[in-house]
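Undergrad: The structure is given below, and queries will be raised subsequently.
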Amino acid sequence: MPRILTAIFLAFIASIARAEIDIKEVTSDGGINAWVVEEPSIPFVALEIRFRGGANLDLPGKRGATNLMMGLLEEGSGEMSAQEFQTAREALAASYRFRAFDDTLSISAQFLTENKDDALALLRQALVEPTFAQTALDRVRAQVLSGIASDEKDPDTIARAVFDAAAFGDHPYGTAIDGTVESVNALTREDMIAAHRNALVRERLYVSVVGDVTVDQVGPMLDALLGDLPAEGAPLQPDVGFGLGGGVTVVDYDTPQSVALFGHSGMKRDDEDFFAAFIINHVLGAGGFESRLMMEVRQKRGLTYGIGTALVPKFHAEMMIGQVASSNETIADAIAVTRDEWRRMAEEGMSAEELASAKTYLTGEYPLRFDGNSEIARIMVGMQMIDLPPSYVVDRNDFIDAVTLDDINRVAAELLQPDALHFVVVGKPQGLESTN
C-alpha cells in the first residue's frame, strides 16, 4: 500500500474500531449487488471484489491457468504496458491486489477519494481489458515456476500436497493452484484468455465498499467498473468427500525436524452446530498457548514450538486439520499426545470453566477485527459469499454466547474422530512408518 494510504489507514483505525457498522445493501441498475458502509471522515475508499469458482475452474490439463491469469492482470491492459500501468497506479496513490484461491478470486483496491474516478477506470482496464502480452506471460510464468521449485523443497508444502492428493484425488482440491512445472510450461496466451473468460463473470460476483463514498454513488460506480464482464462463466465444481482414512503416511525427507499435517472430515459452515464446533476447535488447538494441544504437546512435554488446528469449511468439502513440527526423535510422541487429546475431548468434552473462558475470548476479540475500512470490506464480502445477513456483525457474539456445555460435549463426540485422524509426516521420523 502506498505510504500516503498507509498513513490514512492507520489514522482511521481508532475511529472505525469504536463505530457502529451500518451496512447498506445496494443493487445497481445493471444488477450488481454490493454491501456499503459509508465513512466520510477519512478521504479513502476500500473496495473488495470476489468471484466464486477460483482456481477450481482450471480446465482439464490446464492446472495453474487461473492463478497465472490473475498474476497477469497488472502486467499490461488496454493500451498500457506493464510498466505504464504501474506508473499510472503509483501516480494515483492507488493499491490493487489480485489473488487466486481454491474457491475464489480476490481483487482488493484502495484509493483516495479525490482519485476515485481515475483509480476505478484503471482497475476496470485491468479487469476487463487485460492484454496477456507474451513477454508478460513469460515473465510471470518464470516467477510461478520459481515458486513451484521452492515449494518442492519445503516440508510444509510437501506435506500439504501429499495430504490433499490423498484426501481429494482428482478433484481440484487435490492439487496445488500453482499447477506443476509441466502444466505451467504448457500454458499459452489463449489459455489465459479462456481462464479470464471462465472466471471473471457477473453471475458469481460479490462486492463490498467501505469509506468516503455514498450509497447513491456505488451503483453507477460498479456498473462502470464491472458491467462489461461476461454474465456467465464455466460451471462450478461438484462437492467432494474427504477421502482419507485414519493412519500415517511418512514422506522421507532429509531434515532434522519432521513436519506433520493431520486431519479428518469437518463441518459445513451453515451447520446449526458450527458455533459449537468453532469453540471446540479454539479450546482444542486454535487458542494459542491456552489451547489443550499447546499445553500438552509444548508446555508440559516440550515436544514442539507450536501446534495448531483449524476448521476448514471449503465450498465443496469440509475438513478439520492441524499441524505440528518436532524433531525426528520426538515427532512420534507429539503425534501420540495429539491423538490422545483429540480422544479426550471427544469422550469427555470440556469443562464449564473452559467454555466460559473461550466465550470471553472469542466475543472480546471479534470487534477488534473491524479495525479499518479494508478489513471491514474483506469481512463483509466474506459474509456475502457464505450467505450471512448484514445483521450477523451485530448478532455473531450472541450465537457464541448461546452455545451450552451440553451442545459442546454432544458436538465434540460427533465432530472429533481420533481414529480417523491421518498424519502426513515429512522428515525422517523415528518410530513411525506408513500404515497404508
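Chain lettering (A, B, ...) mirrors the order of the C-alpha cells, residue numbering begins at 1 for each chain separately, and ligand numbering begins at 1 in order of display.
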Compile a residue-level contact table for stretch 264-362 of chain A against stretch 150-172 of chain A at a cut-off of 10 Å, reporting for every qualifying residue the shortest atom pair and its distance in Å to one decimal, with only C-alpha atoms counted, rows ordered by chain and ascending number, as a tab-separated table.
TA:
```
residue	atom	partner	partner_atom	distance
A:His264	CA	A:Ala167	CA	8.9
A:Ser265	CA	A:Ala167	CA	9.3
A:His316	CA	A:His171	CA	9.8
A:Ala317	CA	A:Phe168	CA	9.0
A:Met319	CA	A:Ala167	CA	9.7
A:Gln323	CA	A:Asp156	CA	9.0
A:Val324	CA	A:Asp156	CA	9.9
A:Ala325	CA	A:Asp156	CA	9.3
```
Undergrad: Those same residues - all heavy atoms - I'd like them written as a PDB file, in the first residue's frame.
TA:
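Written file, out.pdb:
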```pdb
ATOM      1  N   HIS A 264      -9.102 -34.790   9.581  1.00  0.00           N
ATOM      2  CA  HIS A 264     -10.183 -35.660   9.113  1.00  0.00           C
ATOM      3  C   HIS A 264     -11.310 -34.773   8.599  1.00  0.00           C
ATOM      4  O   HIS A 264     -11.162 -33.549   8.496  1.00  0.00           O
ATOM      5  CB  HIS A 264     -10.648 -36.623  10.205  1.00  0.00           C
ATOM      6  CG  HIS A 264     -11.095 -35.975  11.489  1.00  0.00           C
ATOM      7  ND1 HIS A 264     -12.016 -34.955  11.558  1.00  0.00           N
ATOM      8  CD2 HIS A 264     -10.745 -36.216  12.777  1.00  0.00           C
ATOM      9  CE1 HIS A 264     -12.231 -34.615  12.808  1.00  0.00           C
ATOM     10  NE2 HIS A 264     -11.454 -35.343  13.573  1.00  0.00           N
ATOM     11  N   SER A 265     -12.435 -35.346   8.265  1.00  0.00           N
ATOM     12  CA  SER A 265     -13.549 -34.563   7.731  1.00  0.00           C
ATOM     13  C   SER A 265     -14.028 -33.551   8.775  1.00  0.00           C
ATOM     14  O   SER A 265     -13.813 -33.729   9.982  1.00  0.00           O
ATOM     15  CB  SER A 265     -14.695 -35.486   7.319  1.00  0.00           C
ATOM     16  OG  SER A 265     -15.148 -36.248   8.435  1.00  0.00           O
ATOM     17  N   HIS A 316     -16.700 -26.880  -1.296  1.00  0.00           N
ATOM     18  CA  HIS A 316     -17.078 -28.194  -1.816  1.00  0.00           C
ATOM     19  C   HIS A 316     -16.628 -29.351  -0.927  1.00  0.00           C
ATOM     20  O   HIS A 316     -16.814 -30.508  -1.287  1.00  0.00           O
ATOM     21  CB  HIS A 316     -16.506 -28.378  -3.226  1.00  0.00           C
ATOM     22  CG  HIS A 316     -16.931 -27.304  -4.183  1.00  0.00           C
ATOM     23  ND1 HIS A 316     -18.228 -27.138  -4.604  1.00  0.00           N
ATOM     24  CD2 HIS A 316     -16.214 -26.314  -4.788  1.00  0.00           C
ATOM     25  CE1 HIS A 316     -18.301 -26.111  -5.436  1.00  0.00           C
ATOM     26  NE2 HIS A 316     -17.098 -25.601  -5.555  1.00  0.00           N
ATOM     27  N   ALA A 317     -16.040 -29.066   0.210  1.00  0.00           N
ATOM     28  CA  ALA A 317     -15.599 -30.100   1.151  1.00  0.00           C
ATOM     29  C   ALA A 317     -15.305 -29.435   2.482  1.00  0.00           C
ATOM     30  O   ALA A 317     -15.081 -28.231   2.556  1.00  0.00           O
ATOM     31  CB  ALA A 317     -14.354 -30.823   0.628  1.00  0.00           C
ATOM     32  N   MET A 319     -13.088 -29.874   6.271  1.00  0.00           N
ATOM     33  CA  MET A 319     -12.030 -30.568   6.997  1.00  0.00           C
ATOM     34  C   MET A 319     -11.861 -29.958   8.379  1.00  0.00           C
ATOM     35  O   MET A 319     -12.218 -28.806   8.617  1.00  0.00           O
ATOM     36  CB  MET A 319     -10.686 -30.435   6.272  1.00  0.00           C
ATOM     37  CG  MET A 319     -10.609 -31.029   4.897  1.00  0.00           C
ATOM     38  SD  MET A 319      -8.922 -30.831   4.227  1.00  0.00           S
ATOM     39  CE  MET A 319      -8.878 -29.052   3.921  1.00  0.00           C
ATOM     40  N   GLN A 323      -1.468 -28.908  12.423  1.00  0.00           N
ATOM     41  CA  GLN A 323      -0.077 -29.060  12.014  1.00  0.00           C
ATOM     42  C   GLN A 323       0.822 -28.968  13.236  1.00  0.00           C
ATOM     43  O   GLN A 323       0.564 -28.198  14.165  1.00  0.00           O
ATOM     44  CB  GLN A 323       0.323 -27.999  10.996  1.00  0.00           C
ATOM     45  CG  GLN A 323       1.695 -28.223  10.384  1.00  0.00           C
ATOM     46  CD  GLN A 323       1.880 -27.458   9.081  1.00  0.00           C
ATOM     47  OE1 GLN A 323       0.960 -26.814   8.592  1.00  0.00           O
ATOM     48  NE2 GLN A 323       3.065 -27.521   8.512  1.00  0.00           N
ATOM     49  N   VAL A 324       1.892 -29.761  13.224  1.00  0.00           N
ATOM     50  CA  VAL A 324       2.875 -29.742  14.306  1.00  0.00           C
ATOM     51  C   VAL A 324       4.231 -30.113  13.708  1.00  0.00           C
ATOM     52  O   VAL A 324       4.309 -30.874  12.741  1.00  0.00           O
ATOM     53  CB  VAL A 324       2.487 -30.719  15.441  1.00  0.00           C
ATOM     54  CG1 VAL A 324       2.469 -32.167  14.947  1.00  0.00           C
ATOM     55  CG2 VAL A 324       3.409 -30.556  16.637  1.00  0.00           C
ATOM     56  N   ALA A 325       5.279 -29.538  14.249  1.00  0.00           N
ATOM     57  CA  ALA A 325       6.639 -29.893  13.867  1.00  0.00           C
ATOM     58  C   ALA A 325       7.396 -30.296  15.124  1.00  0.00           C
ATOM     59  O   ALA A 325       7.217 -29.705  16.196  1.00  0.00           O
ATOM     60  CB  ALA A 325       7.338 -28.723  13.183  1.00  0.00           C
TER      61      ALA A 325
END
```
Undergrad: Name all residues at most 10 Å from A:Ser28 (count only C-alpha atoms; drop same-chain ones fewer than 6 positions away) and give them as a list in words.
TA: Ala34, Asp216, Gln217, Val218, Gly219, Pro220, Met221, Leu222, Asp223 and Gly227 of chain A
Undergrad: Keeping N, CA, C and O atoms, export the residues of the selection given above as a short mmCIF file (atom, residue, chain, number, x, y, z; two decimals), in the first residue's frame.
TA:
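Result file follows (part_28.cif):
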```
data_model
loop_
_atom_site.label_atom_id
_atom_site.label_comp_id
_atom_site.auth_asym_id
_atom_site.auth_seq_id
_atom_site.Cartn_x
_atom_site.Cartn_y
_atom_site.Cartn_z
N ALA A 34 -24.14 -5.14 -3.90
CA ALA A 34 -22.99 -4.76 -3.09
C ALA A 34 -23.45 -4.38 -1.69
O ALA A 34 -24.60 -3.97 -1.49
N ASP A 216 -25.64 6.17 -3.10
CA ASP A 216 -26.08 6.58 -4.43
C ASP A 216 -24.96 6.53 -5.46
O ASP A 216 -25.21 6.33 -6.66
N GLN A 217 -23.73 6.70 -5.00
CA GLN A 217 -22.59 6.66 -5.93
C GLN A 217 -22.19 5.25 -6.32
O GLN A 217 -21.62 5.03 -7.39
N VAL A 218 -22.47 4.28 -5.44
CA VAL A 218 -21.92 2.94 -5.60
C VAL A 218 -22.49 2.22 -6.82
O VAL A 218 -21.75 1.56 -7.57
N GLY A 219 -23.79 2.30 -7.05
CA GLY A 219 -24.39 1.59 -8.18
C GLY A 219 -23.77 1.96 -9.51
O GLY A 219 -23.26 1.09 -10.25
N PRO A 220 -23.79 3.24 -9.89
CA PRO A 220 -23.14 3.64 -11.15
C PRO A 220 -21.66 3.31 -11.19
O PRO A 220 -21.12 2.94 -12.25
N MET A 221 -20.99 3.42 -10.05
CA MET A 221 -19.57 3.11 -9.97
C MET A 221 -19.31 1.65 -10.35
O MET A 221 -18.40 1.34 -11.13
N LEU A 222 -20.13 0.75 -9.81
CA LEU A 222 -19.92 -0.68 -10.07
C LEU A 222 -20.34 -1.07 -11.48
O LEU A 222 -19.71 -1.95 -12.09
N ASP A 223 -21.38 -0.45 -12.01
CA ASP A 223 -21.76 -0.74 -13.40
C ASP A 223 -20.64 -0.33 -14.36
O ASP A 223 -20.34 -1.05 -15.32
N GLY A 227 -19.56 -3.82 -15.26
CA GLY A 227 -20.69 -4.13 -16.12
C GLY A 227 -20.34 -4.77 -17.45
O GLY A 227 -21.18 -5.44 -18.07
#
```
Undergrad: Given the choices A:Val210, A:Ala109, A:Ile307, A:Ala55, which gets closest to A:Ala286 if the distance is worked out from only C-alpha atoms?
TA: A:Ile307
Undergrad: Tell me which protein, DNA and RNA residues are within 9 Å of A:Val37, counting only C-alpha atoms, leaving out same-chain ones fewer than 3 positions away, and put them as a list in words.
TA: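 The contact residues come out as Ile21, Asp22, Ile23, Lys24, Ser208, Val209, Val210, Gly211, Asp212, Val213, Thr214, Val215, Asn373, Ile376 and Ala377 of chain A.
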Undergrad: With a distance cut-off of 9 Å and only C-alpha atoms, select the neighbouring residues of stretch 422-435 of chain A, excluding the residue or stretch itself and same-chain residues fewer than 5 positions from it, and output the selection as an MDAnalysis selection string.
TA: chainID A and resid 155:156 158:160 162:163 244:264 327:332 335
Undergrad: Looking only at the backbone, which of the residues in stretch 65-158 of chain A does DSSP tag as strand (DSSP E or B), as a PyMOL selection string?
TA: chain A and resi 76-77+80-81+95-100+104-112+130
Undergrad: Which residues are near stretch 229-236 of chain A? Cut-off 8 Å, only C-alpha atoms, ignore same chain within fewer than 2 positions. Put them as a ChimeraX atom specification.
TA: /A:53,56-57,128,197-204,226-227,238
Undergrad: Which distance in Å separates atom CA of A:Ile49 and atom CA of A:Thr66, to one decimal?
TA: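 So the answer is 16.2 Å.
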Undergrad: Name all residues at most 12 Å from stretch 390-396 of chain A (count only C-alpha atoms; drop same-chain ones fewer than 6 positions away) and give them as number ranges by chain.
TA: A: 20-25, 34-37, 208, 275, 359, 362-370, 376, 379-384, 402-403
Undergrad: I want to know what sits within 6 Å of stretch 409-420 of chain A, based on only C-alpha atoms, with residues of the same chain fewer than 3 positions away left out; could you give that as a list in words?
TA: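 The residues that qualify are Gly245, Gly246, Arg339, Trp342, Arg343, Ala346, Gly349 and Asp406 of chain A.
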Undergrad: Write out the residues from the selection above, keeping all heavy atoms, as a PDB file, in the first residue's frame.
TA:
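Saved result, out_35.pdb, follows:
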```pdb
ATOM      1  N   GLY A 245      -8.621 -41.908   5.139  1.00  0.00           N
ATOM      2  CA  GLY A 245      -8.927 -42.556   6.398  1.00  0.00           C
ATOM      3  C   GLY A 245      -7.810 -42.390   7.412  1.00  0.00           C
ATOM      4  O   GLY A 245      -6.765 -41.810   7.137  1.00  0.00           O
ATOM      5  N   GLY A 246      -8.043 -42.919   8.601  1.00  0.00           N
ATOM      6  CA  GLY A 246      -7.061 -42.796   9.666  1.00  0.00           C
ATOM      7  C   GLY A 246      -5.764 -43.516   9.350  1.00  0.00           C
ATOM      8  O   GLY A 246      -5.734 -44.502   8.609  1.00  0.00           O
ATOM      9  N   ARG A 339      -3.183 -37.299  19.352  1.00  0.00           N
ATOM     10  CA  ARG A 339      -4.311 -38.218  19.199  1.00  0.00           C
ATOM     11  C   ARG A 339      -5.015 -38.444  20.537  1.00  0.00           C
ATOM     12  O   ARG A 339      -6.251 -38.518  20.605  1.00  0.00           O
ATOM     13  CB  ARG A 339      -3.833 -39.545  18.600  1.00  0.00           C
ATOM     14  CG  ARG A 339      -4.977 -40.342  17.969  1.00  0.00           C
ATOM     15  CD  ARG A 339      -4.499 -41.726  17.537  1.00  0.00           C
ATOM     16  NE  ARG A 339      -3.465 -41.687  16.518  1.00  0.00           N
ATOM     17  CZ  ARG A 339      -3.691 -41.591  15.218  1.00  0.00           C
ATOM     18  NH1 ARG A 339      -4.925 -41.476  14.784  1.00  0.00           N
ATOM     19  NH2 ARG A 339      -2.690 -41.604  14.363  1.00  0.00           N
ATOM     20  N   TRP A 342      -7.150 -35.441  21.278  1.00  0.00           N
ATOM     21  CA  TRP A 342      -8.308 -35.495  20.390  1.00  0.00           C
ATOM     22  C   TRP A 342      -9.368 -36.422  20.981  1.00  0.00           C
ATOM     23  O   TRP A 342     -10.557 -36.084  21.040  1.00  0.00           O
ATOM     24  CB  TRP A 342      -7.860 -36.003  19.026  1.00  0.00           C
ATOM     25  CG  TRP A 342      -8.527 -35.386  17.833  1.00  0.00           C
ATOM     26  CD1 TRP A 342      -9.659 -35.828  17.216  1.00  0.00           C
ATOM     27  CD2 TRP A 342      -8.098 -34.226  17.095  1.00  0.00           C
ATOM     28  NE1 TRP A 342      -9.955 -35.035  16.142  1.00  0.00           N
ATOM     29  CE2 TRP A 342      -9.012 -34.042  16.038  1.00  0.00           C
ATOM     30  CE3 TRP A 342      -7.026 -33.346  17.219  1.00  0.00           C
ATOM     31  CZ2 TRP A 342      -8.891 -33.002  15.113  1.00  0.00           C
ATOM     32  CZ3 TRP A 342      -6.901 -32.317  16.305  1.00  0.00           C
ATOM     33  CH2 TRP A 342      -7.817 -32.147  15.263  1.00  0.00           C
ATOM     34  N   ARG A 343      -8.896 -37.587  21.447  1.00  0.00           N
ATOM     35  CA  ARG A 343      -9.813 -38.574  22.014  1.00  0.00           C
ATOM     36  C   ARG A 343     -10.415 -38.071  23.324  1.00  0.00           C
ATOM     37  O   ARG A 343     -11.608 -38.258  23.595  1.00  0.00           O
ATOM     38  CB  ARG A 343      -9.077 -39.896  22.234  1.00  0.00           C
ATOM     39  CG  ARG A 343     -10.002 -41.064  22.630  1.00  0.00           C
ATOM     40  CD  ARG A 343      -9.216 -42.356  22.801  1.00  0.00           C
ATOM     41  NE  ARG A 343      -8.411 -42.669  21.637  1.00  0.00           N
ATOM     42  CZ  ARG A 343      -8.894 -43.250  20.532  1.00  0.00           C
ATOM     43  NH1 ARG A 343     -10.183 -43.560  20.464  1.00  0.00           N
ATOM     44  NH2 ARG A 343      -8.092 -43.507  19.518  1.00  0.00           N
ATOM     45  N   ALA A 346     -13.149 -35.664  22.623  1.00  0.00           N
ATOM     46  CA  ALA A 346     -14.303 -36.356  22.048  1.00  0.00           C
ATOM     47  C   ALA A 346     -15.094 -37.114  23.109  1.00  0.00           C
ATOM     48  O   ALA A 346     -16.324 -37.122  23.100  1.00  0.00           O
ATOM     49  CB  ALA A 346     -13.850 -37.309  20.947  1.00  0.00           C
ATOM     50  N   GLY A 349     -15.399 -34.215  26.555  1.00  0.00           N
ATOM     51  CA  GLY A 349     -15.834 -32.851  26.326  1.00  0.00           C
ATOM     52  C   GLY A 349     -14.940 -31.851  27.036  1.00  0.00           C
ATOM     53  O   GLY A 349     -13.774 -32.123  27.324  1.00  0.00           O
ATOM     54  N   ASP A 406     -23.775 -28.597  27.143  1.00  0.00           N
ATOM     55  CA  ASP A 406     -24.338 -29.813  26.553  1.00  0.00           C
ATOM     56  C   ASP A 406     -24.122 -29.823  25.042  1.00  0.00           C
ATOM     57  O   ASP A 406     -23.806 -30.872  24.456  1.00  0.00           O
ATOM     58  CB  ASP A 406     -25.833 -29.919  26.864  1.00  0.00           C
ATOM     59  CG  ASP A 406     -26.106 -30.304  28.309  1.00  0.00           C
ATOM     60  OD1 ASP A 406     -25.176 -30.810  28.966  1.00  0.00           O
ATOM     61  OD2 ASP A 406     -27.248 -30.086  28.768  1.00  0.00           O
TER      62      ASP A 406
END
```
Undergrad: Report, in Å to a single decimal, how far apart atom CA of A:Leu73 and atom CA of A:Arg89 are.
TA: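 Calculated distance between atom CA of A:Arg89 and atom CA of A:Leu73 is 12.9 Å.
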Undergrad: Among stretch 115-251 of chain A, which ones does DSSP assign to alpha helix (DSSP H) (computed from the backbone)? Answer as an MDAnalysis selection string.
TA: chainID A and resid 116:128 134:151 155:168 181:186 189:199 215:226
Undergrad: What does the distance between atom CA of A:Asp29 and atom CA of A:Ala121 come to in Å, to one decimal place?
TA: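 Going from atom CA of A:Asp29 over to atom CA of A:Ala121 covers 18.7 Å.
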